[in-house]
Amino acid sequence: MPLVPKREKYALFATATAVGLLIVFVGIMVLATNARLADYIFVISLMVALLPVGVLDYLEFRWRRAVEARMPDILYDIAEGQVTGMTFLRALESAAMRDYGAASRELRRILTQIKLGMTPEGAFMSFARRVGSRLVKNASLIIVETSRSGGDVSKVVRTLSNYMRLVLTMDAERRGAMRLYIAVTYVAYGVLMVTLTILLNQFFLPVIELSGTMIFTAQAGYETYRRLFFYLSVIQGVFSGLVAGKMGEGAVSAGLKHIVVMLFLALLVFTIFVA
């Protein structure tokens with residue numbers, strides 16, 4: 001999918017936030033009568049607020065990666081066209097007739113802007129701003145500067161194509177290696193959930209039931225400890241999700257989807273497995 005316009009994106013964020021706040025208000029109303037249910041409602045409100053943002057960020061990330069992945073092919077085809085004697089614009093037109101997946105629409109948009117009077121430099125820089133990728137931006141800058149200086153554009157473009165292919169290969173290897181650390185983050189969170197479940201079910205609940213006897217008197221009730229551990233799992237899920245997003249995709253915002261998954265796991269464990 002192409003990038004969502006900023007106006008629509010902000011409208012989606014505002015709607016998700018408003019719905020989340022509405023659910024929070026429901027939780028506040030329930031808090032006086034059922035604290036446990038109110039806690040669940042508060043977490044659900046956070047999930048509702050984050051889910052649309054996380055999904056949109058993930059879809060944009062996939063689109064951006066798809067465009068980046070086809071840039072070396074686009075540049076190589078443009079360079080090959082120039083080698084056969086085509087001008088840069090004619091080589092661009094020839095490349096625009098081919099299928100480059102998600103990048104085809106952007107390539108045709110560049111060509112349309114040039115035909116409508118925009119300079120090739122302006123069209124490529126506009127393309128770089130839309131994609132929002134540092135790699136695409138650097139490639140566009142090189143094309144623009146080469147075109148301005150009047151150098152051998154075909155040679156530069158071919159070299160740039162090979163360079164981008166190498167960078168993308170290295171980035172794919174890095175992301176593949178980072179998947180292991182994302183898995184470790186989820187395993188660590190799972191271990192935390194198991195530990196909290198055992199502590200609450202096998203230690204706190206039996207011990208607090210003895211409160212008021214000759215053995216000892218508990219300082220707080222079971223529900224207090226249960227709520228404490230529940231919010232501990234929520235906080236841990238938020239920060240673990242942010243770390244997973246940063247390691248996996250290089251952006252903290254990419255961790256929003258991981259946060260939603262971990263909060264769902266926390267809700268699942270505390271509603272089913274914890275007394």
# chains A, B, ... in the order shown; residues from 1 in each chain; ligands from 1
call {"tool": "residues_around", "arguments": {"residues": "range 12-19 of chain A", "least_positions_apart": "6", "cutoff": "7 Å", "atoms": "only C-alpha atoms", "output": "ChimeraX atom specification"}}
result
/A:48-49,52-53
call {"tool": "write_last_selection", "arguments": {"atoms": "C-alpha atoms", "output": "PDB file, in the first residue's frame"}}
result
ATOM      1  CA  VAL A  48      -7.139   0.214  21.119  1.00  0.00           C
ATOM      2  CA  ALA A  49      -5.201   3.495  20.965  1.00  0.00           C
ATOM      3  CA  PRO A  52      -4.234   1.419  14.454  1.00  0.00           C
ATOM      4  CA  VAL A  53      -0.976   3.358  14.788  1.00  0.00           C
TER       5      VAL A  53
END
call {"tool": "residues_around", "arguments": {"residues": "range 191-194 of chain A", "least_positions_apart": "4", "cutoff": "12 Å", "atoms": "only C-alpha atoms", "output": "count of residues only"}}
result
30
call {"tool": "atom_distance", "arguments": {"atom1": "CA of Leu180 in chain A", "atom2": "CA of Met47 in chain A"}}
result
25.2 Å
call {"tool": "residues_around", "arguments": {"residues": "Gly176 in chain A", "least_positions_apart": "5", "cutoff": "12 Å", "atoms": "only C-alpha atoms", "output": "list in words"}}
result
Thr169, Met170, Asp171, Tyr181, Ile182, Ala183, Met247, Gly248 and Glu249 of chain A
call {"tool": "decode", "arguments": {"residues": "range 9-36 of chain A", "atoms": "N, CA and C atoms", "output": "PDB file, in the first residue's frame"}}
result
ATOM      1  N   LYS A   9      -3.725  10.287   8.133  1.00  0.00           N
ATOM      2  CA  LYS A   9      -3.000   9.619   9.205  1.00  0.00           C
ATOM      3  C   LYS A   9      -3.306  10.268  10.554  1.00  0.00           C
ATOM      4  N   TYR A  10      -3.257  11.581  10.607  1.00  0.00           N
ATOM      5  CA  TYR A  10      -3.552  12.283  11.854  1.00  0.00           C
ATOM      6  C   TYR A  10      -4.996  12.073  12.277  1.00  0.00           C
ATOM      7  N   ALA A  11      -5.905  12.002  11.300  1.00  0.00           N
ATOM      8  CA  ALA A  11      -7.309  11.740  11.625  1.00  0.00           C
ATOM      9  C   ALA A  11      -7.471  10.359  12.251  1.00  0.00           C
ATOM     10  N   LEU A  12      -6.733   9.387  11.722  1.00  0.00           N
ATOM     11  CA  LEU A  12      -6.785   8.039  12.289  1.00  0.00           C
ATOM     12  C   LEU A  12      -6.224   8.018  13.701  1.00  0.00           C
ATOM     13  N   PHE A  13      -5.097   8.694  13.911  1.00  0.00           N
ATOM     14  CA  PHE A  13      -4.492   8.749  15.239  1.00  0.00           C
ATOM     15  C   PHE A  13      -5.435   9.412  16.236  1.00  0.00           C
ATOM     16  N   ALA A  14      -6.069  10.519  15.809  1.00  0.00           N
ATOM     17  CA  ALA A  14      -6.976  11.233  16.697  1.00  0.00           C
ATOM     18  C   ALA A  14      -8.189  10.372  17.043  1.00  0.00           C
ATOM     19  N   THR A  15      -8.700   9.644  16.065  1.00  0.00           N
ATOM     20  CA  THR A  15      -9.854   8.775  16.309  1.00  0.00           C
ATOM     21  C   THR A  15      -9.497   7.653  17.275  1.00  0.00           C
ATOM     22  N   ALA A  16      -8.336   7.032  17.061  1.00  0.00           N
ATOM     23  CA  ALA A  16      -7.907   5.947  17.943  1.00  0.00           C
ATOM     24  C   ALA A  16      -7.704   6.458  19.370  1.00  0.00           C
ATOM     25  N   THR A  17      -7.121   7.637  19.496  1.00  0.00           N
ATOM     26  CA  THR A  17      -6.921   8.217  20.824  1.00  0.00           C
ATOM     27  C   THR A  17      -8.243   8.528  21.503  1.00  0.00           C
ATOM     28  N   ALA A  18      -9.191   9.069  20.731  1.00  0.00           N
ATOM     29  CA  ALA A  18     -10.499   9.408  21.295  1.00  0.00           C
ATOM     30  C   ALA A  18     -11.238   8.160  21.773  1.00  0.00           C
ATOM     31  N   VAL A  19     -11.177   7.100  20.974  1.00  0.00           N
ATOM     32  CA  VAL A  19     -11.828   5.848  21.376  1.00  0.00           C
ATOM     33  C   VAL A  19     -11.154   5.283  22.619  1.00  0.00           C
ATOM     34  N   GLY A  20      -9.809   5.357  22.656  1.00  0.00           N
ATOM     35  CA  GLY A  20      -9.095   4.883  23.838  1.00  0.00           C
ATOM     36  C   GLY A  20      -9.482   5.650  25.088  1.00  0.00           C
ATOM     37  N   LEU A  21      -9.607   6.973  24.980  1.00  0.00           N
ATOM     38  CA  LEU A  21     -10.014   7.791  26.136  1.00  0.00           C
ATOM     39  C   LEU A  21     -11.442   7.480  26.563  1.00  0.00           C
ATOM     40  N   LEU A  22     -12.290   7.171  25.597  1.00  0.00           N
ATOM     41  CA  LEU A  22     -13.664   6.802  25.928  1.00  0.00           C
ATOM     42  C   LEU A  22     -13.700   5.509  26.735  1.00  0.00           C
ATOM     43  N   ILE A  23     -12.851   4.561  26.331  1.00  0.00           N
ATOM     44  CA  ILE A  23     -12.781   3.295  27.068  1.00  0.00           C
ATOM     45  C   ILE A  23     -12.204   3.527  28.458  1.00  0.00           C
ATOM     46  N   VAL A  24     -11.242   4.443  28.585  1.00  0.00           N
ATOM     47  CA  VAL A  24     -10.699   4.789  29.904  1.00  0.00           C
ATOM     48  C   VAL A  24     -11.803   5.332  30.808  1.00  0.00           C
ATOM     49  N   PHE A  25     -12.657   6.174  30.247  1.00  0.00           N
ATOM     50  CA  PHE A  25     -13.763   6.724  31.026  1.00  0.00           C
ATOM     51  C   PHE A  25     -14.677   5.609  31.530  1.00  0.00           C
ATOM     52  N   VAL A  26     -14.911   4.610  30.680  1.00  0.00           N
ATOM     53  CA  VAL A  26     -15.715   3.452  31.112  1.00  0.00           C
ATOM     54  C   VAL A  26     -15.017   2.729  32.257  1.00  0.00           C
ATOM     55  N   GLY A  27     -13.693   2.590  32.151  1.00  0.00           N
ATOM     56  CA  GLY A  27     -12.941   1.934  33.216  1.00  0.00           C
ATOM     57  C   GLY A  27     -13.021   2.683  34.527  1.00  0.00           C
ATOM     58  N   ILE A  28     -12.984   4.015  34.454  1.00  0.00           N
ATOM     59  CA  ILE A  28     -13.103   4.815  35.674  1.00  0.00           C
ATOM     60  C   ILE A  28     -14.466   4.605  36.328  1.00  0.00           C
ATOM     61  N   MET A  29     -15.507   4.490  35.512  1.00  0.00           N
ATOM     62  CA  MET A  29     -16.846   4.255  36.040  1.00  0.00           C
ATOM     63  C   MET A  29     -16.950   2.894  36.725  1.00  0.00           C
ATOM     64  N   VAL A  30     -16.212   1.917  36.198  1.00  0.00           N
ATOM     65  CA  VAL A  30     -16.272   0.558  36.737  1.00  0.00           C
ATOM     66  C   VAL A  30     -15.365   0.398  37.956  1.00  0.00           C
ATOM     67  N   LEU A  31     -14.367   1.272  38.090  1.00  0.00           N
ATOM     68  CA  LEU A  31     -13.340   1.113  39.108  1.00  0.00           C
ATOM     69  C   LEU A  31     -13.900   0.986  40.520  1.00  0.00           C
ATOM     70  N   ALA A  32     -14.936   1.732  40.820  1.00  0.00           N
ATOM     71  CA  ALA A  32     -15.469   1.734  42.187  1.00  0.00           C
ATOM     72  C   ALA A  32     -16.118   0.401  42.557  1.00  0.00           C
ATOM     73  N   THR A  33     -16.628  -0.310  41.577  1.00  0.00           N
ATOM     74  CA  THR A  33     -17.341  -1.560  41.868  1.00  0.00           C
ATOM     75  C   THR A  33     -16.526  -2.807  41.559  1.00  0.00           C
ATOM     76  N   ASN A  34     -15.626  -2.717  40.568  1.00  0.00           N
ATOM     77  CA  ASN A  34     -14.854  -3.903  40.176  1.00  0.00           C
ATOM     78  C   ASN A  34     -13.478  -3.447  39.702  1.00  0.00           C
ATOM     79  N   ALA A  35     -12.517  -3.409  40.623  1.00  0.00           N
ATOM     80  CA  ALA A  35     -11.177  -2.906  40.305  1.00  0.00           C
ATOM     81  C   ALA A  35     -10.469  -3.805  39.302  1.00  0.00           C
ATOM     82  N   ARG A  36     -10.670  -5.113  39.414  1.00  0.00           N
ATOM     83  CA  ARG A  36     -10.007  -6.035  38.503  1.00  0.00           C
ATOM     84  C   ARG A  36     -10.464  -5.799  37.069  1.00  0.00           C
TER      85      ARG A  36
END
